[in-house]
file upload.cif (mmCIF, C-alpha atoms)
data_model
#
loop_
_atom_site.label_atom_id
_atom_site.label_comp_id
_atom_site.auth_asym_id
_atom_site.auth_seq_id
_atom_site.Cartn_x
_atom_site.Cartn_y
_atom_site.Cartn_z
CA MET A 1 58.43 -13.92 -52.17
CA ALA A 2 60.90 -16.18 -53.97
CA GLY A 3 59.22 -17.86 -56.92
CA ASP A 4 56.26 -15.47 -56.86
CA GLN A 5 55.04 -13.94 -60.12
CA VAL A 6 54.36 -10.22 -59.87
CA THR A 7 53.07 -8.06 -62.71
CA LEU A 8 52.47 -4.30 -62.69
CA LEU A 9 49.89 -2.92 -65.13
CA ASN A 10 50.69 0.75 -65.55
CA PHE A 11 50.94 3.83 -67.78
CA TRP A 12 54.34 5.48 -67.96
CA ALA A 13 53.26 8.98 -66.84
CA SER A 14 51.05 7.92 -63.94
CA PRO A 15 52.15 9.22 -60.51
CA PHE A 16 50.05 6.45 -58.96
CA GLY A 17 52.04 3.82 -60.79
CA THR A 18 55.26 5.53 -59.77
CA ARG A 19 54.27 5.04 -56.13
CA VAL A 20 53.98 1.31 -56.71
CA ARG A 21 57.30 1.15 -58.56
CA ILE A 22 59.06 2.91 -55.69
CA GLU A 23 57.58 0.50 -53.15
CA LEU A 24 58.53 -2.55 -55.25
CA ALA A 25 62.06 -1.20 -55.64
CA GLU A 26 62.33 -0.54 -51.90
CA LYS A 27 61.31 -4.13 -51.19
CA GLY A 28 63.60 -5.52 -53.89
CA VAL A 29 60.68 -7.25 -55.61
CA LYS A 30 61.27 -8.49 -59.16
CA TYR A 31 58.28 -7.88 -61.40
CA GLU A 32 57.09 -7.78 -64.98
CA TYR A 33 56.09 -4.35 -66.25
CA SER A 34 53.06 -4.16 -68.56
CA GLU A 35 52.54 -0.75 -70.21
CA GLN A 36 48.83 -0.04 -70.77
CA ASN A 37 47.04 1.84 -73.55
CA LEU A 38 44.38 3.87 -71.72
CA ARG A 39 42.41 4.49 -74.92
CA ASN A 40 42.29 0.81 -75.80
CA LYS A 41 42.28 -1.02 -72.49
CA SER A 42 43.70 -4.52 -72.50
CA ALA A 43 41.72 -7.61 -71.61
CA LEU A 44 44.12 -8.19 -68.70
CA LEU A 45 43.42 -4.73 -67.23
CA LEU A 46 39.66 -5.18 -67.57
CA GLN A 47 39.88 -8.62 -65.97
CA THR A 48 42.08 -7.65 -63.04
CA ASN A 49 40.35 -4.32 -62.30
CA HIS A 50 36.80 -4.96 -63.44
CA ILE A 51 35.40 -2.34 -61.05
CA HIS A 52 37.22 0.89 -61.96
CA LYS A 53 39.03 -0.35 -65.10
CA LYS A 54 42.02 1.82 -64.20
CA MET A 55 45.68 1.29 -63.47
CA ALA A 56 47.94 0.95 -61.54
CA VAL A 57 47.12 -2.71 -60.85
CA LEU A 58 49.52 -5.07 -59.10
CA VAL A 59 48.84 -8.72 -59.92
CA HIS A 60 50.44 -11.17 -57.46
CA ASN A 61 50.62 -14.74 -58.75
CA GLY A 62 47.82 -13.79 -61.13
CA LYS A 63 45.42 -13.31 -58.22
CA PRO A 64 44.09 -9.74 -57.73
CA VAL A 65 42.44 -8.84 -54.41
CA THR A 66 39.42 -6.54 -54.05
CA LEU A 67 37.50 -5.58 -50.91
CA LEU A 68 33.83 -4.59 -51.23
CA ASP A 69 33.07 -2.55 -48.14
CA PHE A 70 31.30 0.43 -46.54
CA TRP A 71 33.40 3.06 -44.76
CA SER A 72 31.81 2.90 -41.29
CA SER A 73 31.42 -0.88 -41.08
CA PRO A 74 33.26 -2.43 -38.12
CA PHE A 75 33.11 -5.74 -39.98
CA GLY A 76 34.93 -4.24 -42.95
CA MET A 77 37.48 -2.66 -40.64
CA ARG A 78 38.37 -6.15 -39.40
CA VAL A 79 39.26 -7.20 -42.90
CA ARG A 80 41.26 -4.02 -43.49
CA ILE A 81 43.31 -4.67 -40.33
CA ALA A 82 44.00 -8.28 -41.35
CA LEU A 83 45.07 -7.28 -44.87
CA ALA A 84 47.32 -4.54 -43.46
CA GLU A 85 48.89 -6.95 -40.95
CA LYS A 86 49.71 -9.34 -43.79
CA GLY A 87 50.95 -6.58 -46.09
CA VAL A 88 48.44 -7.52 -48.81
CA LYS A 89 47.85 -4.90 -51.49
CA TYR A 90 44.23 -4.68 -52.57
CA GLU A 91 41.68 -2.56 -54.37
CA TYR A 92 39.05 -0.95 -52.15
CA SER A 93 35.52 -0.66 -53.57
CA GLU A 94 33.14 1.50 -51.52
CA GLN A 95 29.58 0.20 -51.72
CA ASP A 96 26.26 2.06 -51.63
CA LEU A 97 24.18 -0.05 -49.24
CA ARG A 98 20.93 1.58 -50.38
CA ASN A 99 21.65 0.91 -54.04
CA LYS A 100 23.66 -2.30 -54.04
CA SER A 101 25.98 -2.79 -56.97
CA ASP A 102 25.68 -5.65 -59.42
CA LEU A 103 29.13 -6.76 -58.29
CA LEU A 104 28.08 -7.00 -54.62
CA LEU A 105 24.91 -8.91 -55.52
CA GLN A 106 26.93 -11.22 -57.73
CA MET A 107 29.66 -11.84 -55.15
CA ASN A 108 27.33 -12.24 -52.14
CA PRO A 109 24.00 -13.43 -53.56
CA VAL A 110 22.91 -15.03 -50.25
CA HIS A 111 23.17 -12.18 -47.72
CA LYS A 112 23.84 -9.31 -50.15
CA LYS A 113 26.03 -7.64 -47.48
CA ILE A 114 29.52 -6.23 -47.10
CA PRO A 115 32.31 -6.95 -46.55
CA VAL A 116 33.22 -9.29 -49.38
CA LEU A 117 36.80 -10.18 -50.24
CA VAL A 118 37.25 -11.07 -53.90
CA HIS A 119 40.46 -13.04 -54.45
CA ASP A 120 41.27 -14.22 -57.95
CA GLY A 121 37.65 -13.57 -58.91
CA LYS A 122 36.33 -15.78 -56.09
CA PRO A 123 34.29 -14.22 -53.25
CA VAL A 124 34.73 -14.85 -49.53
CA CYS A 125 31.91 -13.52 -47.32
CA GLU A 126 31.34 -12.82 -43.60
CA SER A 127 34.07 -10.84 -41.84
CA LEU A 128 35.35 -13.46 -39.39
CA ILE A 129 35.50 -16.05 -42.15
CA ILE A 130 37.34 -13.56 -44.35
CA VAL A 131 39.91 -12.88 -41.60
CA GLN A 132 40.49 -16.63 -41.20
CA TYR A 133 40.86 -16.96 -44.97
CA ILE A 134 43.43 -14.14 -45.05
CA ASP A 135 45.35 -15.79 -42.21
CA GLU A 136 45.44 -19.11 -44.07
CA VAL A 137 46.29 -17.78 -47.54
CA TRP A 138 48.98 -15.31 -46.43
CA LYS A 139 50.33 -17.51 -43.65
CA ASP A 140 54.00 -16.53 -43.87
CA LYS A 141 53.54 -13.20 -42.06
CA ALA A 142 51.85 -12.06 -38.82
CA PRO A 143 49.81 -15.16 -37.90
CA LEU A 144 46.50 -14.20 -36.31
CA LEU A 145 45.17 -17.57 -35.15
CA PRO A 146 47.31 -19.78 -32.86
CA SER A 147 48.63 -23.10 -34.18
CA ASP A 148 47.34 -25.08 -31.18
CA PRO A 149 43.87 -26.51 -32.03
CA HIS A 150 42.36 -25.75 -28.61
CA LYS A 151 43.67 -22.17 -28.59
CA ARG A 152 42.35 -21.71 -32.13
CA ALA A 153 38.92 -22.93 -30.99
CA GLN A 154 39.00 -20.53 -28.03
CA SER A 155 39.93 -17.62 -30.28
CA ARG A 156 36.99 -18.42 -32.56
CA PHE A 157 34.69 -18.65 -29.55
CA TRP A 158 35.62 -15.18 -28.28
CA ALA A 159 35.45 -13.63 -31.75
CA ASP A 160 31.95 -15.06 -32.08
CA PHE A 161 31.17 -13.64 -28.62
CA VAL A 162 32.16 -10.18 -29.89
CA ASP A 163 29.68 -10.51 -32.77
CA LYS A 164 26.83 -11.81 -30.65
CA LYS A 165 27.27 -9.53 -27.63
CA ILE A 166 29.47 -6.49 -28.23
CA TYR A 167 27.98 -5.63 -31.63
CA ASP A 168 24.36 -6.24 -30.66
CA PHE A 169 24.45 -4.40 -27.31
CA GLY A 170 26.59 -1.59 -28.71
CA ARG A 171 24.15 -0.98 -31.55
CA LYS A 172 21.22 -0.92 -29.11
CA ILE A 173 22.98 1.81 -27.09
CA TRP A 174 23.02 4.24 -30.01
CA THR A 175 19.71 3.24 -31.61
CA THR A 176 17.47 3.33 -28.51
CA ASN A 177 16.56 5.58 -25.59
CA GLY A 178 15.26 5.21 -22.04
CA GLU A 179 14.93 1.79 -20.42
CA ASP A 180 16.03 -0.08 -23.55
CA GLN A 181 19.22 1.95 -23.70
CA GLU A 182 19.91 1.48 -19.98
CA ALA A 183 19.48 -2.28 -20.32
CA ALA A 184 21.79 -2.33 -23.34
CA LYS A 185 24.46 -0.37 -21.45
CA LYS A 186 24.41 -2.87 -18.58
CA ASP A 187 24.57 -5.86 -20.92
CA PHE A 188 27.36 -4.19 -22.90
CA ILE A 189 29.55 -3.54 -19.84
CA ASP A 190 28.88 -7.04 -18.48
CA SER A 191 30.00 -8.50 -21.80
CA LEU A 192 33.13 -6.34 -21.90
CA LYS A 193 34.02 -7.48 -18.40
CA LEU A 194 33.84 -11.10 -19.54
CA LEU A 195 36.15 -10.23 -22.44
CA GLU A 196 38.49 -8.44 -20.05
CA GLY A 197 38.61 -11.58 -17.92
CA GLU A 198 39.71 -13.57 -20.97
CA LEU A 199 42.38 -10.96 -21.74
CA GLY A 200 43.80 -11.19 -18.21
CA ASP A 201 47.28 -9.68 -17.96
CA LYS A 202 48.26 -10.41 -21.56
CA PRO A 203 49.25 -7.39 -23.69
CA TYR A 204 47.01 -8.68 -26.51
CA PHE A 205 44.28 -11.28 -26.80
CA GLY A 206 46.75 -13.02 -29.11
CA GLY A 207 49.33 -13.14 -26.30
CA GLU A 208 52.49 -11.23 -27.14
CA THR A 209 51.26 -10.24 -30.60
CA LEU A 210 48.05 -8.99 -32.21
CA GLY A 211 45.65 -11.89 -32.67
CA TYR A 212 42.33 -12.96 -34.13
CA VAL A 213 40.22 -11.77 -31.19
CA ASP A 214 41.97 -8.38 -31.21
CA VAL A 215 41.12 -7.99 -34.89
CA ALA A 216 37.50 -8.97 -34.17
CA LEU A 217 37.12 -6.47 -31.32
CA LEU A 218 39.16 -3.42 -32.35
CA PRO A 219 36.73 -1.96 -34.93
CA PHE A 220 34.16 -1.57 -32.16
CA TYR A 221 36.67 0.35 -30.06
CA CYS A 222 36.50 3.29 -32.47
CA TRP A 223 32.71 3.21 -31.95
CA PHE A 224 33.07 3.41 -28.14
CA TYR A 225 33.09 7.22 -28.19
CA ALA A 226 29.69 7.21 -29.90
CA TYR A 227 28.32 4.67 -27.40
CA GLU A 228 29.65 6.64 -24.41
CA THR A 229 28.52 10.06 -25.63
CA ILE A 230 25.04 8.96 -26.66
CA GLY A 231 24.60 6.68 -23.65
CA ASN A 232 26.28 9.03 -21.14
CA PHE A 233 28.58 6.47 -19.49
CA ASN A 234 32.30 5.65 -19.27
CA ILE A 235 33.66 2.32 -20.46
CA GLU A 236 37.23 2.73 -19.20
CA ALA A 237 36.01 3.16 -15.62
CA ASP A 238 34.62 -0.40 -15.72
CA CYS A 239 37.11 -2.05 -18.07
CA PRO A 240 40.52 -0.35 -17.73
CA LYS A 241 42.60 -3.35 -18.89
CA LEU A 242 40.50 -3.82 -21.98
CA ILE A 243 40.80 -0.16 -22.96
CA ALA A 244 44.56 -0.24 -22.31
CA CYS A 245 44.82 -3.21 -24.67
CA CYS A 246 42.86 -1.36 -27.38
CA LYS A 247 45.10 1.71 -27.01
CA ARG A 248 48.16 -0.54 -27.27
CA CYS A 249 46.82 -2.03 -30.49
CA LEU A 250 46.26 1.45 -31.91
CA GLN A 251 50.01 2.03 -31.76
CA LYS A 252 50.31 -0.41 -34.66
CA GLU A 253 50.04 1.29 -38.04
CA SER A 254 48.05 -1.64 -39.44
CA VAL A 255 45.35 -0.85 -36.87
CA SER A 256 45.43 2.94 -36.69
CA LYS A 257 45.21 3.34 -40.47
CA SER A 258 42.37 0.80 -40.76
CA LEU A 259 40.04 2.34 -38.15
CA LYS A 260 37.86 5.39 -38.61
CA ASP A 261 37.93 8.59 -36.55
CA PRO A 262 35.63 8.15 -33.49
CA GLN A 263 34.25 11.69 -33.90
CA ILE A 264 33.19 10.99 -37.49
CA LEU A 265 31.49 7.76 -36.39
CA TYR A 266 29.70 9.63 -33.59
CA ASP A 267 28.45 12.23 -36.09
CA PHE A 268 27.26 9.41 -38.34
CA ALA A 269 25.42 7.75 -35.42
CA VAL A 270 23.71 11.04 -34.50
CA MET A 271 22.60 11.48 -38.12
CA VAL A 272 21.13 7.97 -38.16
CA ARG A 273 19.36 8.58 -34.82
CA LYS A 274 17.74 11.72 -36.28
CA LYS A 275 16.56 9.75 -39.30
CA LEU A 276 15.12 7.12 -36.97
CA GLY A 277 13.35 9.86 -34.99
CA ILE A 278 15.11 9.06 -31.69
CA GLU A 279 17.39 12.08 -31.42
#

call {"tool": "encode", "arguments": {"input": "upload.cif", "output": "structure tokens"}}
result
Amino acid sequence: MAGDQVTLLNFWASPFGTRVRIELAEKGVKYEYSEQNLRNKSALLLQTNHIHKKMAVLVHNGKPVTLLDFWSSPFGMRVRIALAEKGVKYEYSEQDLRNKSDLLLQMNPVHKKIPVLVHDGKPVCESLIIVQYIDEVWKDKAPLLPSDPHKRAQSRFWADFVDKKIYDFGRKIWTTNGEDQEAAKKDFIDSLKLLEGELGDKPYFGGETLGYVDVALLPFYCWFYAYETIGNFNIEADCPKLIACCKRCLQKESVSKSLKDPQILYDFAVMVRKKLGIE
């Protein structure tokens, strides 16, 4: 981080700010300390944390990072994994998808969806595009996309495959019943088998390290329990190598801390099914 400009906006008694100071000291990071008046908030604090208007705020090269997201979204989980892999500190802003915030509508006026990464006040939308952006901006650590142009193209192809097949068929499993659900289960397993063929004997889709396709797929892995329980089938029986890869990825803290508990997601899916009148 030589040459980087780091500023900490804080209040002296805050235990939250103390956390940040400890981490900066542990990493040996030089930074400017800016004491804040919480009764008369500075323009800098309001600019860099326009959502909660609170400290502590860490400003890196003058470019704060905020993630607009919803807790159960597999697309948001992708972004969380990528940020964790790169060691990027960010503010998390949970969004109410039934009552969309002015900030979300302002930052994603086209689709009005999460996730949105706001970097230096500029929005980046669509999860796979966000992950690519993160990989390009914070390129000095944990590269996700390969440097070879053909391999990069292949990685993008399979990540797109995950969106078009794994997400769609997985969602149909837990939002339908009967023949529609059975058809979705077959299509889902067939798609996973194709992915498993691409994985081959590699430890990760990225080869020897976590890669772009792993990041694209892993958030759906924590939904597998909901798919299996609602659909009454077993994914590992058909795709053992794929499941082994997902379990291997979970050993990484950047992954395990970014994914949600499968039981909680199952409970959420059951609640949605009841609201849809299919449970």

call {"tool": "closest_atom_pairs", "arguments": {"input": "upload.cif", "of": "stretch 27-65 of chain A", "to": "stretch 7-18 of chain A", "cutoff": "8 Å", "atoms": "all atoms listed in the file", "output": "CSV"}}
result
residue,atom,partner,partner_atom,distance
A:Tyr31,CA,A:Thr7,CA,5.4
A:Glu32,CA,A:Thr7,CA,4.6
A:Tyr33,CA,A:Leu8,CA,5.1
A:Ser34,CA,A:Leu9,CA,4.8
A:Glu35,CA,A:Asn10,CA,5.2
A:Gln36,CA,A:Phe11,CA,5.3
A:Asn37,CA,A:Phe11,CA,7.2
A:Leu38,CA,A:Phe11,CA,7.7
A:Leu45,CA,A:Leu9,CA,7.0
A:Met55,CA,A:Asn10,CA,5.5
A:Ala56,CA,A:Asn10,CA,4.9
A:Val57,CA,A:Leu9,CA,5.1
A:Leu58,CA,A:Leu8,CA,4.7
A:Val59,CA,A:Thr7,CA,5.1
A:His60,CA,A:Thr7,CA,6.6
A:Gly62,CA,A:Thr7,CA,7.9

call {"tool": "resolve_selection", "arguments": {"input": "upload.cif", "expression": "the PyMOL selection byres ((chain A and resi 81) around 12)", "output": "ChimeraX atom specification"}}
result
/A:74-80,82-88,127-128,130-131,134-135,142,144,210-219,249-250,252-260

call {"tool": "write_last_selection", "arguments": {"input": "upload.cif", "atoms": "C-alpha atoms", "output": "JSON list (two decimals), in the frame of the given file"}}
result
[["chain", "number", "residue", "atom", "x", "y", "z"],
["A", 74, "PRO", "CA", 33.26, -2.43, -38.12],
["A", 75, "PHE", "CA", 33.11, -5.74, -39.98],
["A", 76, "GLY", "CA", 34.93, -4.24, -42.95],
["A", 77, "MET", "CA", 37.48, -2.66, -40.64],
["A", 78, "ARG", "CA", 38.37, -6.15, -39.40],
["A", 79, "VAL", "CA", 39.26, -7.20, -42.90],
["A", 80, "ARG", "CA", 41.26, -4.02, -43.49],
["A", 82, "ALA", "CA", 44.00, -8.28, -41.35],
["A", 83, "LEU", "CA", 45.07, -7.28, -44.87],
["A", 84, "ALA", "CA", 47.32, -4.54, -43.46],
["A", 85, "GLU", "CA", 48.89, -6.95, -40.95],
["A", 86, "LYS", "CA", 49.71, -9.34, -43.79],
["A", 87, "GLY", "CA", 50.95, -6.58, -46.09],
["A", 88, "VAL", "CA", 48.44, -7.52, -48.81],
["A", 127, "SER", "CA", 34.07, -10.84, -41.84],
["A", 128, "LEU", "CA", 35.35, -13.46, -39.39],
["A", 130, "ILE", "CA", 37.34, -13.56, -44.35],
["A", 131, "VAL", "CA", 39.91, -12.88, -41.60],
["A", 134, "ILE", "CA", 43.43, -14.14, -45.05],
["A", 135, "ASP", "CA", 45.35, -15.79, -42.21],
["A", 142, "ALA", "CA", 51.85, -12.06, -38.82],
["A", 144, "LEU", "CA", 46.50, -14.20, -36.31],
["A", 210, "LEU", "CA", 48.05, -8.99, -32.21],
["A", 211, "GLY", "CA", 45.65, -11.89, -32.67],
["A", 212, "TYR", "CA", 42.33, -12.96, -34.13],
["A", 213, "VAL", "CA", 40.22, -11.77, -31.19],
["A", 214, "ASP", "CA", 41.97, -8.38, -31.21],
["A", 215, "VAL", "CA", 41.12, -7.99, -34.89],
["A", 216, "ALA", "CA", 37.50, -8.97, -34.17],
["A", 217, "LEU", "CA", 37.12, -6.47, -31.32],
["A", 218, "LEU", "CA", 39.16, -3.42, -32.35],
["A", 219, "PRO", "CA", 36.73, -1.96, -34.93],
["A", 249, "CYS", "CA", 46.82, -2.03, -30.49],
["A", 250, "LEU", "CA", 46.26, 1.45, -31.91],
["A", 252, "LYS", "CA", 50.31, -0.41, -34.66],
["A", 253, "GLU", "CA", 50.04, 1.29, -38.04],
["A", 254, "SER", "CA", 48.05, -1.64, -39.44],
["A", 255, "VAL", "CA", 45.35, -0.85, -36.87],
["A", 256, "SER", "CA", 45.43, 2.94, -36.69],
["A", 257, "LYS", "CA", 45.21, 3.34, -40.47],
["A", 258, "SER", "CA", 42.37, 0.80, -40.76],
["A", 259, "LEU", "CA", 40.04, 2.34, -38.15],
["A", 260, "LYS", "CA", 37.86, 5.39, -38.61]]

call {"tool": "closest_residue", "arguments": {"input": "upload.cif", "among": "A:Tyr227, A:Trp174, A:Phe169, A:Phe205", "to": "A:Gln154", "atoms": "all atoms listed in the file"}}
result
A:Phe205

call {"tool": "atom_distance", "arguments": {"input": "upload.cif", "atom1": "atom CA of A:Lys202", "atom2": "atom CA of A:Leu242"}}
result
10.2 Å

call {"tool": "atom_distance", "arguments": {"input": "upload.cif", "atom1": "atom CA of A:Lys165", "atom2": "atom CA of A:Ala183"}}
result
12.9 Å

call {"tool": "atom_distance", "arguments": {"input": "upload.cif", "atom1": "atom CA of A:Pro115", "atom2": "atom CA of A:Val272"}}
result
20.4 Å

call {"tool": "residues_around", "arguments": {"input": "upload.cif", "residues": "A:Leu192", "least_positions_apart": "6", "cutoff": "9 Å", "atoms": "only C-alpha atoms", "output": "ChimeraX atom specification"}}
result
/A:162,165-166,235,238-239,242

call {"tool": "write_last_selection", "arguments": {"input": "upload.cif", "atoms": "C-alpha atoms", "output": "compact mmCIF listing (two decimals), in the frame of the given file"}}
result
# COMPACT_ATOMS: atom_id res chain seq x y z
CA VAL A 162 32.16 -10.18 -29.89
CA LYS A 165 27.27 -9.53 -27.63
CA ILE A 166 29.47 -6.49 -28.23
CA ILE A 235 33.66 2.32 -20.46
CA ASP A 238 34.62 -0.40 -15.72
CA CYS A 239 37.11 -2.05 -18.07
CA LEU A 242 40.50 -3.82 -21.98

call {"tool": "resolve_selection", "arguments": {"input": "upload.cif", "expression": "the PyMOL selection byres ((chain A and resi 270) around 12)", "output": "compact mmCIF listing (two decimals) with C-alpha atoms, in the coordinates of the input"}}
result
# COMPACT_ATOMS: atom_id res chain seq x y z
CA ILE A 173 22.98 1.81 -27.09
CA TRP A 174 23.02 4.24 -30.01
CA THR A 175 19.71 3.24 -31.61
CA THR A 176 17.47 3.33 -28.51
CA TYR A 225 33.09 7.22 -28.19
CA ALA A 226 29.69 7.21 -29.90
CA TYR A 227 28.32 4.67 -27.40
CA THR A 229 28.52 10.06 -25.63
CA ILE A 230 25.04 8.96 -26.66
CA GLY A 231 24.60 6.68 -23.65
CA GLN A 263 34.25 11.69 -33.90
CA ILE A 264 33.19 10.99 -37.49
CA LEU A 265 31.49 7.76 -36.39
CA TYR A 266 29.70 9.63 -33.59
CA ASP A 267 28.45 12.23 -36.09
CA PHE A 268 27.26 9.41 -38.34
CA ALA A 269 25.42 7.75 -35.42
CA MET A 271 22.60 11.48 -38.12
CA VAL A 272 21.13 7.97 -38.16
CA ARG A 273 19.36 8.58 -34.82
CA LYS A 274 17.74 11.72 -36.28
CA LYS A 275 16.56 9.75 -39.30
CA LEU A 276 15.12 7.12 -36.97
CA GLY A 277 13.35 9.86 -34.99
CA ILE A 278 15.11 9.06 -31.69
CA GLU A 279 17.39 12.08 -31.42

call {"tool": "residues_around", "arguments": {"input": "upload.cif", "residues": "A:Glu91", "least_positions_apart": "4", "cutoff": "9 Å", "atoms": "all atoms listed in the file", "output": "PyMOL selection string"}}
result
chain A and resi 49+57+64-68

call {"tool": "closest_residue", "arguments": {"input": "upload.cif", "among": "A:Asp160, A:Asp96, A:Glu236, A:Asp69", "to": "A:Ile114", "atoms": "all atoms listed in the file"}}
result
A:Asp69

call {"tool": "decode", "arguments": {"input": "upload.cif", "residues": "stretch 202-216 of chain A", "atoms": "N, CA and C atoms", "output": "tab-separated table (two decimals), in the first residue's frame"}}
result
chain	number	residue	atom	x	y	z
A	202	LYS	N	-9.41	-30.56	-11.18
A	202	LYS	CA	-8.81	-29.38	-10.56
A	202	LYS	C	-9.40	-29.18	-9.16
A	203	PRO	N	-8.61	-28.67	-8.22
A	203	PRO	CA	-9.16	-28.40	-6.88
A	203	PRO	C	-10.20	-27.27	-6.88
A	204	TYR	N	-9.99	-26.29	-7.79
A	204	TYR	CA	-10.92	-25.17	-7.93
A	204	TYR	C	-11.18	-24.95	-9.42
A	205	PHE	N	-12.27	-24.28	-9.73
A	205	PHE	CA	-12.49	-23.89	-11.12
A	205	PHE	C	-11.37	-22.97	-11.60
A	206	GLY	N	-10.80	-22.22	-10.65
A	206	GLY	CA	-9.70	-21.32	-10.98
A	206	GLY	C	-8.35	-22.02	-11.08
A	207	GLY	N	-8.35	-23.35	-10.96
A	207	GLY	CA	-7.09	-24.11	-11.01
A	207	GLY	C	-6.62	-24.44	-9.62
A	208	GLU	N	-5.49	-23.87	-9.23
A	208	GLU	CA	-4.94	-24.13	-7.90
A	208	GLU	C	-5.44	-23.13	-6.86
A	209	THR	N	-6.14	-22.11	-7.31
A	209	THR	CA	-6.66	-21.10	-6.39
A	209	THR	C	-8.12	-20.78	-6.73
A	210	LEU	N	-8.81	-20.18	-5.78
A	210	LEU	CA	-10.20	-19.76	-5.99
A	210	LEU	C	-10.28	-18.81	-7.18
A	211	GLY	N	-11.25	-19.06	-8.06
A	211	GLY	CA	-11.36	-18.24	-9.27
A	211	GLY	C	-12.75	-17.66	-9.48
A	212	TYR	N	-12.90	-17.02	-10.61
A	212	TYR	CA	-14.12	-16.30	-10.97
A	212	TYR	C	-15.35	-17.22	-10.99
A	213	VAL	N	-15.21	-18.40	-11.58
A	213	VAL	CA	-16.34	-19.32	-11.67
A	213	VAL	C	-16.71	-19.85	-10.28
A	214	ASP	N	-15.71	-20.10	-9.43
A	214	ASP	CA	-15.99	-20.51	-8.05
A	214	ASP	C	-16.83	-19.45	-7.35
A	215	VAL	N	-16.44	-18.19	-7.49
A	215	VAL	CA	-17.16	-17.09	-6.85
A	215	VAL	C	-18.59	-17.00	-7.40
A	216	ALA	N	-18.75	-17.26	-8.69
A	216	ALA	CA	-20.09	-17.22	-9.29
A	216	ALA	C	-20.99	-18.33	-8.76
